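> What follows is the file work.txt, containing compact mmCIF, C-alpha atoms:
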```txt
# COMPACT_ATOMS: atom_id res chain seq x y z
CA MET T 1 35.62 -9.83 -27.29
CA HIS T 2 34.38 -12.07 -30.10
CA LEU T 3 32.51 -15.22 -29.08
CA PRO T 4 31.60 -18.15 -31.34
CA LYS T 5 27.95 -18.00 -32.32
CA SER T 6 27.14 -21.26 -30.49
CA ILE T 7 28.53 -19.94 -27.17
CA LEU T 8 26.79 -16.60 -27.58
CA THR T 9 23.49 -18.39 -28.09
CA VAL T 10 23.94 -20.34 -24.84
CA LEU T 11 24.87 -17.20 -22.88
CA LEU T 12 21.81 -15.38 -24.11
CA ALA T 13 19.60 -18.36 -23.31
CA VAL T 14 20.67 -18.48 -19.67
CA GLY T 15 20.44 -14.73 -19.25
CA LEU T 16 24.11 -13.91 -18.72
CA PHE T 17 23.76 -10.90 -20.97
CA ALA T 18 21.70 -8.16 -19.34
CA SER T 19 18.40 -7.29 -20.98
CA CYS T 20 16.74 -3.87 -20.99
CA ASP T 21 14.40 -5.04 -18.21
CA THR T 22 16.91 -6.03 -15.51
CA THR T 23 16.11 -5.74 -11.82
CA LYS T 24 18.89 -3.15 -11.40
CA GLU T 25 16.77 -0.78 -13.46
CA ILE T 26 13.65 -1.30 -11.36
CA PRO T 27 13.41 1.61 -8.88
CA LEU T 28 13.03 1.16 -5.14
CA VAL T 29 11.04 4.40 -4.89
CA PHE T 30 9.85 7.26 -7.10
CA ASP T 31 9.81 11.04 -6.89
CA LYS T 32 6.17 11.31 -8.04
CA GLU T 33 2.97 10.53 -6.18
CA ASN T 34 1.60 8.58 -9.14
CA THR T 35 3.76 7.77 -12.15
CA ALA T 36 0.72 6.28 -13.91
CA SER T 37 -1.39 9.45 -13.79
CA SER T 38 -1.30 10.00 -17.55
CA TYR T 39 -3.22 6.82 -18.37
CA SER T 40 -6.97 6.89 -19.00
CA ALA T 41 -9.22 4.80 -16.78
CA PRO T 42 -10.51 1.54 -18.29
CA GLU T 43 -14.20 0.92 -18.88
CA MET T 44 -16.10 0.48 -15.61
CA PRO T 45 -19.09 -1.79 -16.20
CA GLY T 46 -21.96 -1.84 -13.71
CA ILE T 47 -22.71 -4.84 -11.55
CA ASN T 48 -25.06 -6.42 -14.09
CA GLU T 49 -22.47 -6.19 -16.88
CA LEU T 50 -19.56 -7.60 -14.89
CA PRO T 51 -18.71 -11.30 -15.31
CA VAL T 52 -18.62 -13.66 -12.34
CA VAL T 53 -15.01 -14.50 -11.45
CA GLU T 54 -14.84 -16.92 -8.51
CA THR T 55 -11.04 -17.06 -8.32
CA LEU T 56 -8.72 -14.13 -7.69
CA PRO T 57 -8.53 -11.93 -10.80
CA ASP T 58 -5.29 -12.04 -12.77
CA PRO T 59 -3.22 -8.99 -11.72
CA PHE T 60 -1.26 -9.20 -14.98
CA MET T 61 -4.29 -9.16 -17.30
CA PHE T 62 -5.20 -5.77 -18.71
CA SER T 63 -8.79 -4.75 -18.10
CA ASN T 64 -9.79 -5.28 -21.73
CA GLY T 65 -8.86 -8.94 -21.36
CA LYS T 66 -6.73 -8.91 -24.50
CA ASN T 67 -3.14 -8.69 -23.25
CA LYS T 68 -1.06 -9.40 -20.16
CA VAL T 69 1.89 -7.72 -18.49
CA GLU T 70 4.96 -9.57 -19.69
CA LYS T 71 7.70 -7.24 -18.42
CA TYR T 72 8.18 -4.54 -15.84
CA SER T 73 7.93 -1.67 -18.31
CA GLN T 74 4.24 -2.56 -18.82
CA TRP T 75 3.40 -2.55 -15.11
CA GLU T 76 2.82 1.21 -14.84
CA ARG T 77 -0.14 1.02 -17.21
CA ARG T 78 -1.60 -1.95 -15.35
CA ARG T 79 -1.20 -0.12 -12.02
CA ALA T 80 -3.26 2.72 -13.45
CA GLU T 81 -6.10 0.32 -14.24
CA ILE T 82 -6.08 -1.34 -10.82
CA MET T 83 -6.04 2.04 -9.03
CA ALA T 84 -8.97 3.25 -11.13
CA GLU T 85 -11.00 0.11 -10.45
CA LEU T 86 -10.38 0.22 -6.70
CA GLN T 87 -11.48 3.84 -6.56
CA ASN T 88 -14.50 3.33 -8.79
CA TYR T 89 -15.87 0.24 -7.06
CA GLU T 90 -14.66 0.60 -3.45
CA ILE T 91 -13.37 3.86 -1.99
CA GLY T 92 -14.32 6.70 -4.32
CA TRP T 93 -11.79 8.96 -5.98
CA LYS T 94 -8.76 10.22 -4.11
CA PRO T 95 -8.79 13.96 -4.89
CA GLU T 96 -6.07 15.26 -7.18
CA THR T 97 -4.59 18.38 -5.61
CA PRO T 98 -2.18 20.61 -7.59
CA ARG T 99 1.04 21.50 -5.81
CA LYS T 100 0.17 25.21 -6.07
CA CYS T 101 -2.64 24.55 -3.56
CA VAL T 102 -0.20 23.33 -0.90
CA LYS T 103 1.95 25.45 1.43
CA ALA T 104 4.16 24.15 4.22
CA ARG T 105 6.41 25.36 7.01
CA MET T 106 8.25 24.01 10.03
CA SER T 107 7.34 25.20 13.53
CA GLY T 108 9.90 23.66 15.86
CA ASP T 109 9.60 19.91 15.30
CA THR T 110 6.15 20.15 13.73
CA LEU T 111 5.50 20.17 9.99
CA ILE T 112 2.47 22.34 9.23
CA VAL T 113 0.81 21.80 5.85
CA ASP T 114 -1.94 24.10 4.57
CA VAL T 115 -4.02 22.90 1.62
CA THR T 116 -6.33 25.50 0.07
CA VAL T 117 -8.98 24.47 -2.46
CA ASN T 118 -12.23 26.25 -3.39
CA GLY T 119 -11.41 29.04 -0.95
CA GLU T 120 -11.22 26.62 1.99
CA THR T 121 -8.07 25.63 3.89
CA LEU T 122 -7.33 22.33 5.64
CA THR T 123 -4.30 22.22 7.94
CA ILE T 124 -2.28 19.15 8.91
CA HIS T 125 0.05 19.28 11.94
CA ALA T 126 2.61 16.45 11.79
CA ASN T 127 4.94 16.13 14.77
CA ILE T 128 8.41 14.78 13.95
CA GLN T 129 10.54 12.90 16.48
CA TYR T 130 14.15 13.41 15.39
CA PRO T 131 17.23 11.37 16.30
CA GLU T 132 20.30 13.22 17.48
CA GLY T 133 22.34 14.79 14.69
CA GLU T 134 21.84 16.98 11.65
CA GLY T 135 20.29 14.51 9.21
CA PRO T 136 18.87 14.11 6.70
CA PHE T 137 17.21 11.12 8.35
CA PRO T 138 15.17 8.30 6.86
CA ALA T 139 11.70 8.40 8.37
CA ILE T 140 8.59 6.40 9.10
CA ILE T 141 5.13 7.97 8.94
CA GLY T 142 3.15 6.44 11.78
CA ILE T 143 -0.63 6.57 11.69
CA GLY T 144 -1.67 8.58 14.74
CA ARG T 145 1.71 8.45 16.44
CA GLY T 146 5.46 8.03 15.86
CA ALA T 147 5.81 4.54 14.41
CA GLY T 148 2.17 3.53 14.47
CA SER T 149 1.91 0.42 16.64
CA LEU T 150 5.43 -0.82 15.87
CA PRO T 151 8.14 -0.81 18.57
CA GLN T 152 9.64 2.69 18.52
CA GLN T 153 13.01 1.49 19.76
CA ILE T 154 13.65 -0.31 16.46
CA PHE T 155 13.61 3.08 14.74
CA GLN T 156 15.25 5.05 17.54
CA GLU T 157 18.25 2.68 17.60
CA ARG T 158 18.71 3.23 13.85
CA ASN T 159 18.49 7.04 13.86
CA ILE T 160 15.23 6.99 11.92
CA ALA T 161 12.85 9.91 12.37
CA MET T 162 9.21 9.24 13.25
CA ILE T 163 6.46 11.40 11.74
CA SER T 164 2.95 11.29 13.22
CA PHE T 165 0.06 11.51 10.76
CA PRO T 166 -3.02 13.03 12.51
CA PHE T 167 -5.67 11.37 10.34
CA TRP T 168 -8.53 13.04 12.23
CA GLU T 169 -7.48 16.40 10.82
CA VAL T 170 -8.55 15.04 7.42
CA MET T 171 -11.44 12.74 8.33
CA GLN T 172 -12.62 11.15 11.57
CA HIS T 173 -12.39 7.40 12.21
CA THR T 174 -16.04 6.98 11.23
CA GLN T 175 -16.90 9.86 8.97
CA LYS T 176 -20.14 11.78 8.83
CA ARG T 177 -20.48 12.21 5.11
CA GLY T 178 -20.27 15.80 4.02
CA GLU T 179 -19.25 17.08 7.46
CA GLU T 180 -15.54 16.24 7.56
CA PRO T 181 -12.59 18.65 7.13
CA LEU T 182 -11.78 17.32 3.65
CA ASN T 183 -15.39 17.80 2.55
CA ARG T 184 -14.93 21.56 2.86
CA LEU T 185 -12.33 21.40 0.10
CA TYR T 186 -14.22 18.94 -2.10
CA PRO T 187 -17.92 19.36 -1.26
CA ASP T 188 -19.08 17.47 -4.37
CA ASN T 189 -17.11 14.31 -3.56
CA LEU T 190 -19.55 12.94 -0.98
CA GLU T 191 -19.12 9.28 -1.92
CA MET T 192 -15.44 9.39 -0.96
CA GLY T 193 -14.60 6.82 1.71
CA ASN T 194 -12.04 7.22 4.48
CA TYR T 195 -9.56 5.11 2.51
CA ALA T 196 -9.57 7.68 -0.27
CA ALA T 197 -9.41 10.62 2.16
CA TRP T 198 -6.66 9.44 4.51
CA PRO T 199 -4.18 8.53 1.74
CA TRP T 200 -4.88 11.98 0.29
CA GLY T 201 -3.75 13.44 3.62
CA VAL T 202 -0.60 11.31 3.69
CA SER T 203 0.24 12.52 0.18
CA ARG T 204 -0.21 16.13 1.21
CA LEU T 205 2.06 15.52 4.21
CA ILE T 206 4.74 14.25 1.80
CA ASP T 207 4.11 17.30 -0.40
CA GLY T 208 4.83 19.41 2.67
CA LEU T 209 8.12 17.62 3.31
CA GLU T 210 9.13 18.27 -0.29
CA ILE T 211 8.15 21.94 -0.05
CA VAL T 212 10.17 22.71 3.10
CA GLY T 213 13.07 20.69 1.66
CA GLU T 214 16.28 20.53 3.68
CA GLU T 215 14.62 22.33 6.58
CA SER T 216 12.68 19.15 7.34
CA ARG T 217 15.95 17.18 7.77
CA ILE T 218 14.14 14.17 6.25
CA ASP T 219 15.60 11.89 3.56
CA LEU T 220 12.69 11.80 1.11
CA LYS T 221 14.03 8.77 -0.75
CA HIS T 222 13.72 6.64 2.37
CA LEU T 223 10.17 7.07 3.69
CA ALA T 224 8.14 4.29 5.28
CA ILE T 225 4.56 4.19 6.54
CA SER T 226 2.88 1.95 9.09
CA GLY T 227 -0.30 1.49 11.08
CA CYS T 228 -2.27 -1.35 12.66
CA SER T 229 -5.84 -2.64 12.26
CA PHE T 230 -7.94 0.14 10.64
CA ALA T 231 -4.68 2.12 10.48
CA GLY T 232 -2.99 -0.92 8.91
CA LYS T 233 -5.50 -0.64 6.09
CA MET T 234 -4.75 3.09 5.95
CA ALA T 235 -1.03 2.44 5.62
CA LEU T 236 -1.61 -0.12 2.86
CA TRP T 237 -3.93 2.14 0.85
CA SER T 238 -1.51 5.06 1.31
CA GLY T 239 1.53 3.07 0.22
CA ALA T 240 -0.37 1.64 -2.73
CA PHE T 241 -1.43 5.07 -3.99
CA ASP T 242 1.73 7.15 -3.34
CA GLU T 243 4.93 5.94 -4.98
CA ARG T 244 7.12 8.29 -2.93
CA ILE T 245 6.79 5.80 -0.05
CA ALA T 246 9.68 3.34 -0.20
CA LEU T 247 8.45 0.88 2.44
CA THR T 248 4.87 0.05 3.41
CA ILE T 249 4.32 -1.92 6.62
CA ALA T 250 0.71 -3.06 7.05
CA GLN T 251 0.23 -4.48 10.54
CA GLU T 252 -2.85 -6.69 11.03
CA PRO T 253 -4.85 -4.84 8.32
CA GLY T 254 -7.61 -7.47 8.03
CA GLY T 255 -10.62 -7.17 5.73
CA GLY T 256 -10.57 -4.09 3.54
CA GLY T 257 -6.79 -4.21 3.80
CA ALA T 258 -4.66 -7.13 2.63
CA ALA T 259 -7.38 -9.80 2.90
CA ALA T 260 -9.00 -10.76 -0.40
CA TRP T 261 -12.76 -10.17 -0.31
CA ARG T 262 -13.47 -13.35 -2.27
CA VAL T 263 -11.58 -15.57 0.16
CA SER T 264 -13.06 -13.85 3.23
CA GLU T 265 -16.53 -14.67 1.92
CA THR T 266 -15.77 -18.39 2.37
CA LEU T 267 -14.55 -18.08 5.99
CA GLY T 268 -16.29 -17.77 9.36
CA HIS T 269 -17.04 -14.67 11.44
CA VAL T 270 -14.70 -12.31 9.64
CA GLU T 271 -14.80 -8.85 8.13
CA THR T 272 -16.39 -9.52 4.75
CA LEU T 273 -17.26 -6.90 2.16
CA GLY T 274 -20.85 -6.87 3.38
CA ASN T 275 -19.81 -6.67 7.03
CA THR T 276 -17.37 -3.78 7.13
CA ASN T 277 -17.57 -0.13 8.13
CA PHE T 278 -19.06 1.54 5.06
CA ALA T 279 -17.93 4.96 6.23
CA TRP T 280 -14.50 3.74 5.16
CA PHE T 281 -15.70 2.91 1.65
CA LYS T 282 -18.32 4.01 -0.87
CA GLU T 283 -21.86 3.24 0.26
CA SER T 284 -22.51 1.78 -3.19
CA MET T 285 -19.94 -0.94 -2.49
CA ARG T 286 -22.65 -2.74 -0.52
CA GLN T 287 -24.12 -4.11 -3.73
CA TYR T 288 -21.05 -6.35 -4.08
CA SER T 289 -21.65 -8.15 -0.78
CA GLY T 290 -22.33 -11.88 -0.56
CA GLU T 291 -22.04 -13.82 -3.80
CA ASN T 292 -21.82 -10.55 -5.74
CA VAL T 293 -18.25 -10.14 -4.48
CA ASN T 294 -17.30 -12.39 -7.40
CA ARG T 295 -18.38 -9.65 -9.80
CA LEU T 296 -15.68 -7.23 -8.68
CA PRO T 297 -13.12 -6.90 -11.47
CA MET T 298 -10.30 -6.74 -8.90
CA ASP T 299 -9.53 -7.89 -5.35
CA HIS T 300 -7.15 -6.98 -2.57
CA HIS T 301 -4.19 -9.05 -3.70
CA GLU T 302 -4.10 -6.35 -6.39
CA LEU T 303 -4.26 -3.60 -3.76
CA CYS T 304 -1.14 -5.16 -2.24
CA ALA T 305 0.44 -5.50 -5.68
CA LEU T 306 0.06 -1.76 -6.31
CA VAL T 307 3.00 -1.27 -3.94
CA ALA T 308 5.29 -3.10 -6.41
CA PRO T 309 8.06 -2.55 -7.29
CA ARG T 310 8.54 -0.85 -3.92
CA ALA T 311 8.78 -2.76 -0.64
CA LEU T 312 5.82 -4.21 1.28
CA LEU T 313 5.73 -6.11 4.58
CA VAL T 314 2.43 -7.47 5.92
CA PHE T 315 2.03 -8.68 9.52
CA GLY T 316 -0.90 -10.86 10.56
CA ASN T 317 -2.34 -12.17 13.83
CA PRO T 318 -4.51 -15.30 13.31
CA ASP T 319 -5.69 -15.29 16.95
CA TYR T 320 -8.23 -12.64 15.93
CA GLU T 321 -10.76 -14.34 13.65
CA TRP T 322 -12.26 -11.01 12.56
CA LEU T 323 -9.05 -10.14 10.72
CA ALA T 324 -9.67 -12.93 8.16
CA ASP T 325 -5.97 -13.76 8.12
CA GLU T 326 -6.43 -16.86 5.97
CA ALA T 327 -7.73 -14.49 3.29
CA GLY T 328 -4.82 -12.17 4.04
CA TYR T 329 -2.38 -15.05 3.60
CA VAL T 330 -3.89 -16.13 0.26
CA SER T 331 -3.85 -12.52 -0.89
CA CYS T 332 -0.18 -12.07 0.05
CA VAL T 333 0.89 -15.24 -1.74
CA ALA T 334 -1.02 -14.12 -4.84
CA ALA T 335 0.31 -10.55 -4.69
CA ARG T 336 3.90 -11.70 -4.24
CA LYS T 337 3.75 -13.27 -7.69
CA VAL T 338 3.92 -9.74 -9.11
CA TRP T 339 7.27 -9.09 -7.40
CA GLU T 340 8.39 -12.58 -8.44
CA LYS T 341 7.49 -11.83 -12.06
CA PHE T 342 9.97 -8.95 -12.06
CA GLY T 343 12.67 -10.82 -10.13
CA ILE T 344 12.39 -8.61 -7.03
CA GLU T 345 10.55 -10.93 -4.65
CA ASP T 346 12.88 -9.91 -1.81
CA ARG T 347 10.91 -6.64 -1.70
CA MET T 348 7.68 -8.29 -0.52
CA GLY T 349 7.23 -10.27 2.68
CA TYR T 350 4.50 -11.48 5.01
CA SER T 351 4.47 -12.92 8.53
CA PHE T 352 1.44 -14.41 10.30
CA ILE T 353 2.23 -15.28 13.92
CA ASP T 354 -0.28 -16.02 16.70
CA GLY T 355 0.03 -15.91 20.48
CA HIS T 356 0.06 -12.14 21.04
CA MET T 357 -2.28 -9.23 21.59
CA HIS T 358 -3.80 -7.26 18.73
CA CYS T 359 -1.41 -4.55 17.47
CA MET T 360 1.38 -5.71 19.80
CA LEU T 361 4.20 -6.97 17.59
CA PRO T 362 5.83 -9.94 19.38
CA GLN T 363 9.61 -10.07 19.60
CA SER T 364 9.60 -13.13 17.34
CA GLN T 365 8.62 -10.79 14.49
CA TRP T 366 11.11 -8.06 15.33
CA PRO T 367 13.93 -9.57 13.19
CA GLU T 368 11.61 -9.57 10.16
CA LEU T 369 10.75 -5.91 10.69
CA GLU T 370 14.37 -5.01 11.34
CA ALA T 371 15.48 -6.69 8.10
CA PHE T 372 13.00 -4.68 5.99
CA VAL T 373 13.87 -1.45 7.80
CA ASP T 374 17.61 -2.07 7.40
CA LYS T 375 17.31 -2.87 3.71
CA PHE T 376 14.77 -0.36 2.48
CA LEU T 377 15.33 2.61 4.81
CA LEU T 378 19.05 2.24 5.51
CA GLY T 379 20.23 0.56 2.29
CA LYS T 380 21.91 -2.39 4.00
CA ASP T 381 22.47 -5.62 2.09
CA VAL T 382 20.50 -8.01 4.30
CA PRO T 383 18.17 -10.91 3.41
CA THR T 384 14.45 -10.11 3.38
CA ASP T 385 12.95 -13.45 2.39
CA VAL T 386 10.03 -13.29 4.85
CA GLN T 387 7.28 -15.85 4.15
CA VAL T 388 5.97 -16.99 7.52
CA ALA T 389 2.52 -18.54 8.03
CA PRO T 390 2.85 -21.97 9.67
CA MET T 391 -0.86 -22.21 10.55
CA PHE T 392 -1.84 -21.89 6.87
CA GLU T 393 0.48 -24.56 5.45
CA ASP T 394 -2.49 -26.72 4.41
CA VAL T 395 -4.48 -23.93 2.75
CA ASP T 396 -5.02 -24.63 -0.95
CA VAL T 397 -3.82 -21.32 -2.34
CA GLU T 398 -3.67 -22.57 -5.90
CA LYS T 399 -7.44 -23.02 -6.09
CA TRP T 400 -7.66 -19.22 -5.94
CA ILE T 401 -4.99 -18.67 -8.57
CA ASN T 402 -5.60 -19.92 -12.11
CA TRP T 403 -3.24 -17.54 -13.88
```
Before we go any further, please render this structure as structure tokens.


Amino acid sequence: MHLPKSILTVLLAVGLFASCDTTKEIPLVFDKENTASSYSAPEMPGINELPVVETLPDPFMFSNGKNKVEKYSQWERRRAEIMAELQNYEIGWKPETPRKCVKARMSGDTLIVDVTVNGETLTIHANIQYPEGEGPFPAIIGIGRGAGSLPQQIFQERNIAMISFPFWEVMQHTQKRGEEPLNRLYPDNLEMGNYAAWPWGVSRLIDGLEIVGEESRIDLKHLAISGCSFAGKMALWSGAFDERIALTIAQEPGGGGAAAWRVSETLGHVETLGNTNFAWFKESMRQYSGENVNRLPMDHHELCALVAPRALLVFGNPDYEWLADEAGYVSCVAARKVWEKFGIEDRMGYSFIDGHMHCMLPQSQWPELEAFVDKFLLGKDVPTDVQVAPMFEDVDVEKWINW
């Protein structure tokens, strides 16, 4: 077909001819834990060398401040920088464990994963609740139990398997530094916080599923993860750091999860950076409390954005002031701009609804959960435009975003 030059120019201008960066080419999930592992970490200045940034840092700006992400193909490199900064300043380094160190087997409906490093072995026992049938089944990894704190029937009705992640087999809720199971494997990594250790465990669980292969009866291209409260943070950090997870559902994750530290610092009695459980993070993170939070080169809208281009759903509960849900809302709006940039905003949603108990998802939020599960675990063509936060309609989000 030969088109007049004038018509061709118009078609190109309105985008009717596909470019090399179309949304169809943007994956929903990956077959590697970290596709950005080949990039070097950026410079990591100390607190006295870091500039004061009172608004939320630009997630598109490369750490050297010279260039910005303009298209999806550049996002992998930027993800590498954000991951490095979060580990350096907040949680410590998630150990890198070669596949040759991991063995796995099925015992009935339990996946057993043995990780051997430095002559020490750590074992993870993950119970799997299967639907009827042969599979392979999409699955959700629930922190501590089947579907975390989400209603199990939503997954049972859809023939989705539920995999329990026993986080205590890696590190207890409030670690004693140097005395936890993971410390036996990496005795020199004492500054590692829980939110580096637990995602490491989730990644080794997924390694185990890959190793046993068809015997697991799990569809590895359709894995979700979820938890609530401290486990909601765990789910978010795990989904951010392992790209084999197709859908991350962070339920009421609060401070240290979706909530931006900078915004939390301006609120009331909430979980701020200086008022969190430092067993979960690096002890040295304390120096960034108070007004020093503005010296962090990143914030938690960028933790959320690490999930992109995969799917993320954040649930909030503003009845619980400690959760800092206004900061969570601002963070979600800011993070969603990354998905919007790539034309895939239907992969990121948030819903803040009050009037219910902590970690008890009300039925008014079930349709939002069901939509994300149907689309990203079952491949159904359903709408997932979830942006619900009626109590925060008057919050000036733009004052936090100058990019």

> Find the residues near T:Thr121: any atom within 9 Å, counting only C-alpha atoms, skip ones fewer than 4 places away on the same chain, and give them as a VMD selection string.

chain T and resid 114 to 117 181 184 to 185

> Quick check, in Å to one decimal: how far apart do atom CA of T:Val293 and atom CA of T:Val69 lie?

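Going from atom CA of T:Val293 over to atom CA of T:Val69, I get 24.7 Å.
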
> Can I get the residues of stretch 120-220 of chain T within 6 Å of stretch 279-287 of chain T, each with the closest pair of atoms and their distance in Å to one decimal, using only C-alpha atoms, sorted chain first then ascending number, as a tab-separated table?


```
residue	atom	partner	partner_atom	distance
T:Thr174	CA	T:Ala279	CA	5.7
T:Gln175	CA	T:Ala279	CA	5.7
T:Glu191	CA	T:Lys282	CA	5.4
T:Gly193	CA	T:Phe281	CA	4.1
T:Asn194	CA	T:Trp280	CA	4.3
T:Tyr195	CA	T:Trp280	CA	5.8
```

> Hey, could you make a per-residue contact list for stretch 59-121 of chain T against stretch 207-225 of chain T with 7 Å as the cut-off, showing the nearest pair of atoms and its distance in Å to one decimal, counting all atoms listed in the file, sorted by chain and number, as JSON lines?


```
{"residue": "T:Lys103", "atom": "CA", "partner": "T:Gly208", "partner_atom": "CA", "distance": 6.8}
{"residue": "T:Ala104", "atom": "CA", "partner": "T:Gly208", "partner_atom": "CA", "distance": 5.0}
{"residue": "T:Arg105", "atom": "CA", "partner": "T:Val212", "partner_atom": "CA", "distance": 6.0}
{"residue": "T:Val113", "atom": "CA", "partner": "T:Gly208", "partner_atom": "CA", "distance": 5.7}
```

> Tell me which of T:Val333, T:Met171, T:Met348, T:Ala305 sits closest to T:Phe241, counting all atoms listed in the file.

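Going through T:Val333, T:Met171, T:Met348, T:Ala305 one by one, the smallest distance to T:Phe241 is for T:Ala305.
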
> Name all residues at most 8 Å from T:Val397 (count all atoms listed in the file; drop same-chain ones fewer than 2 positions away) and give them as a list in words.

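My reading of the contact set: Val330, Val333, Val395, Lys399, Trp400 and Ile401 of chain T.
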
> If I only have part of stretch 22-42 of chain T, can you fill in N, CA and C atoms and write it as a PDB file, in the coordinates of the input?


```pdb
ATOM      1  N   THR T  22      16.251  -5.407 -16.645  1.00  0.00           N
ATOM      2  CA  THR T  22      16.910  -6.030 -15.510  1.00  0.00           C
ATOM      3  C   THR T  22      16.419  -5.437 -14.205  1.00  0.00           C
ATOM      4  N   THR T  23      16.581  -6.194 -13.126  1.00  0.00           N
ATOM      5  CA  THR T  23      16.110  -5.740 -11.820  1.00  0.00           C
ATOM      6  C   THR T  23      16.879  -4.518 -11.336  1.00  0.00           C
ATOM      7  N   LYS T  24      18.120  -4.330 -11.808  1.00  0.00           N
ATOM      8  CA  LYS T  24      18.890  -3.150 -11.400  1.00  0.00           C
ATOM      9  C   LYS T  24      18.217  -1.870 -11.877  1.00  0.00           C
ATOM     10  N   GLU T  25      17.416  -1.961 -12.918  1.00  0.00           N
ATOM     11  CA  GLU T  25      16.770  -0.780 -13.460  1.00  0.00           C
ATOM     12  C   GLU T  25      15.388  -0.554 -12.847  1.00  0.00           C
ATOM     13  N   ILE T  26      14.970  -1.429 -11.970  1.00  0.00           N
ATOM     14  CA  ILE T  26      13.650  -1.300 -11.360  1.00  0.00           C
ATOM     15  C   ILE T  26      13.788  -0.482 -10.076  1.00  0.00           C
ATOM     16  N   PRO T  27      13.198   0.707 -10.021  1.00  0.00           N
ATOM     17  CA  PRO T  27      13.410   1.610  -8.880  1.00  0.00           C
ATOM     18  C   PRO T  27      12.882   1.038  -7.567  1.00  0.00           C
ATOM     19  N   LEU T  28      13.494   1.488  -6.484  1.00  0.00           N
ATOM     20  CA  LEU T  28      13.030   1.160  -5.140  1.00  0.00           C
ATOM     21  C   LEU T  28      11.993   2.173  -4.654  1.00  0.00           C
ATOM     22  N   VAL T  29      11.977   3.346  -5.267  1.00  0.00           N
ATOM     23  CA  VAL T  29      11.040   4.400  -4.890  1.00  0.00           C
ATOM     24  C   VAL T  29      11.020   5.403  -6.034  1.00  0.00           C
ATOM     25  N   PHE T  30      10.005   6.287  -6.031  1.00  0.00           N
ATOM     26  CA  PHE T  30       9.850   7.260  -7.100  1.00  0.00           C
ATOM     27  C   PHE T  30       9.759   8.663  -6.511  1.00  0.00           C
ATOM     28  N   ASP T  31       9.916   9.667  -7.367  1.00  0.00           N
ATOM     29  CA  ASP T  31       9.810  11.040  -6.890  1.00  0.00           C
ATOM     30  C   ASP T  31       8.477  11.670  -7.275  1.00  0.00           C
ATOM     31  N   LYS T  32       7.521  10.854  -7.718  1.00  0.00           N
ATOM     32  CA  LYS T  32       6.170  11.310  -8.040  1.00  0.00           C
ATOM     33  C   LYS T  32       5.147  10.532  -7.244  1.00  0.00           C
ATOM     34  N   GLU T  33       4.056  11.190  -6.896  1.00  0.00           N
ATOM     35  CA  GLU T  33       2.970  10.530  -6.180  1.00  0.00           C
ATOM     36  C   GLU T  33       2.397   9.377  -6.986  1.00  0.00           C
ATOM     37  N   ASN T  34       2.213   9.592  -8.282  1.00  0.00           N
ATOM     38  CA  ASN T  34       1.600   8.580  -9.140  1.00  0.00           C
ATOM     39  C   ASN T  34       2.207   8.662 -10.529  1.00  0.00           C
ATOM     40  N   THR T  35       3.106   7.757 -10.839  1.00  0.00           N
ATOM     41  CA  THR T  35       3.760   7.770 -12.150  1.00  0.00           C
ATOM     42  C   THR T  35       2.807   7.351 -13.262  1.00  0.00           C
ATOM     43  N   ALA T  36       1.664   6.781 -12.910  1.00  0.00           N
ATOM     44  CA  ALA T  36       0.720   6.280 -13.910  1.00  0.00           C
ATOM     45  C   ALA T  36      -0.428   7.259 -14.162  1.00  0.00           C
ATOM     46  N   SER T  37      -0.277   8.501 -13.731  1.00  0.00           N
ATOM     47  CA  SER T  37      -1.390   9.450 -13.790  1.00  0.00           C
ATOM     48  C   SER T  37      -1.813   9.831 -15.202  1.00  0.00           C
ATOM     49  N   SER T  38      -0.975   9.589 -16.189  1.00  0.00           N
ATOM     50  CA  SER T  38      -1.300  10.000 -17.550  1.00  0.00           C
ATOM     51  C   SER T  38      -2.203   9.012 -18.285  1.00  0.00           C
ATOM     52  N   TYR T  39      -2.407   7.832 -17.706  1.00  0.00           N
ATOM     53  CA  TYR T  39      -3.220   6.820 -18.370  1.00  0.00           C
ATOM     54  C   TYR T  39      -4.714   7.063 -18.128  1.00  0.00           C
ATOM     55  N   SER T  40      -5.518   6.778 -19.135  1.00  0.00           N
ATOM     56  CA  SER T  40      -6.970   6.890 -19.000  1.00  0.00           C
ATOM     57  C   SER T  40      -7.507   5.684 -18.232  1.00  0.00           C
ATOM     58  N   ALA T  41      -8.590   5.896 -17.517  1.00  0.00           N
ATOM     59  CA  ALA T  41      -9.220   4.800 -16.780  1.00  0.00           C
ATOM     60  C   ALA T  41      -9.845   3.816 -17.767  1.00  0.00           C
ATOM     61  N   PRO T  42      -9.848   2.525 -17.425  1.00  0.00           N
ATOM     62  CA  PRO T  42     -10.510   1.540 -18.290  1.00  0.00           C
ATOM     63  C   PRO T  42     -12.024   1.680 -18.189  1.00  0.00           C
TER      64      PRO T  42
END
```
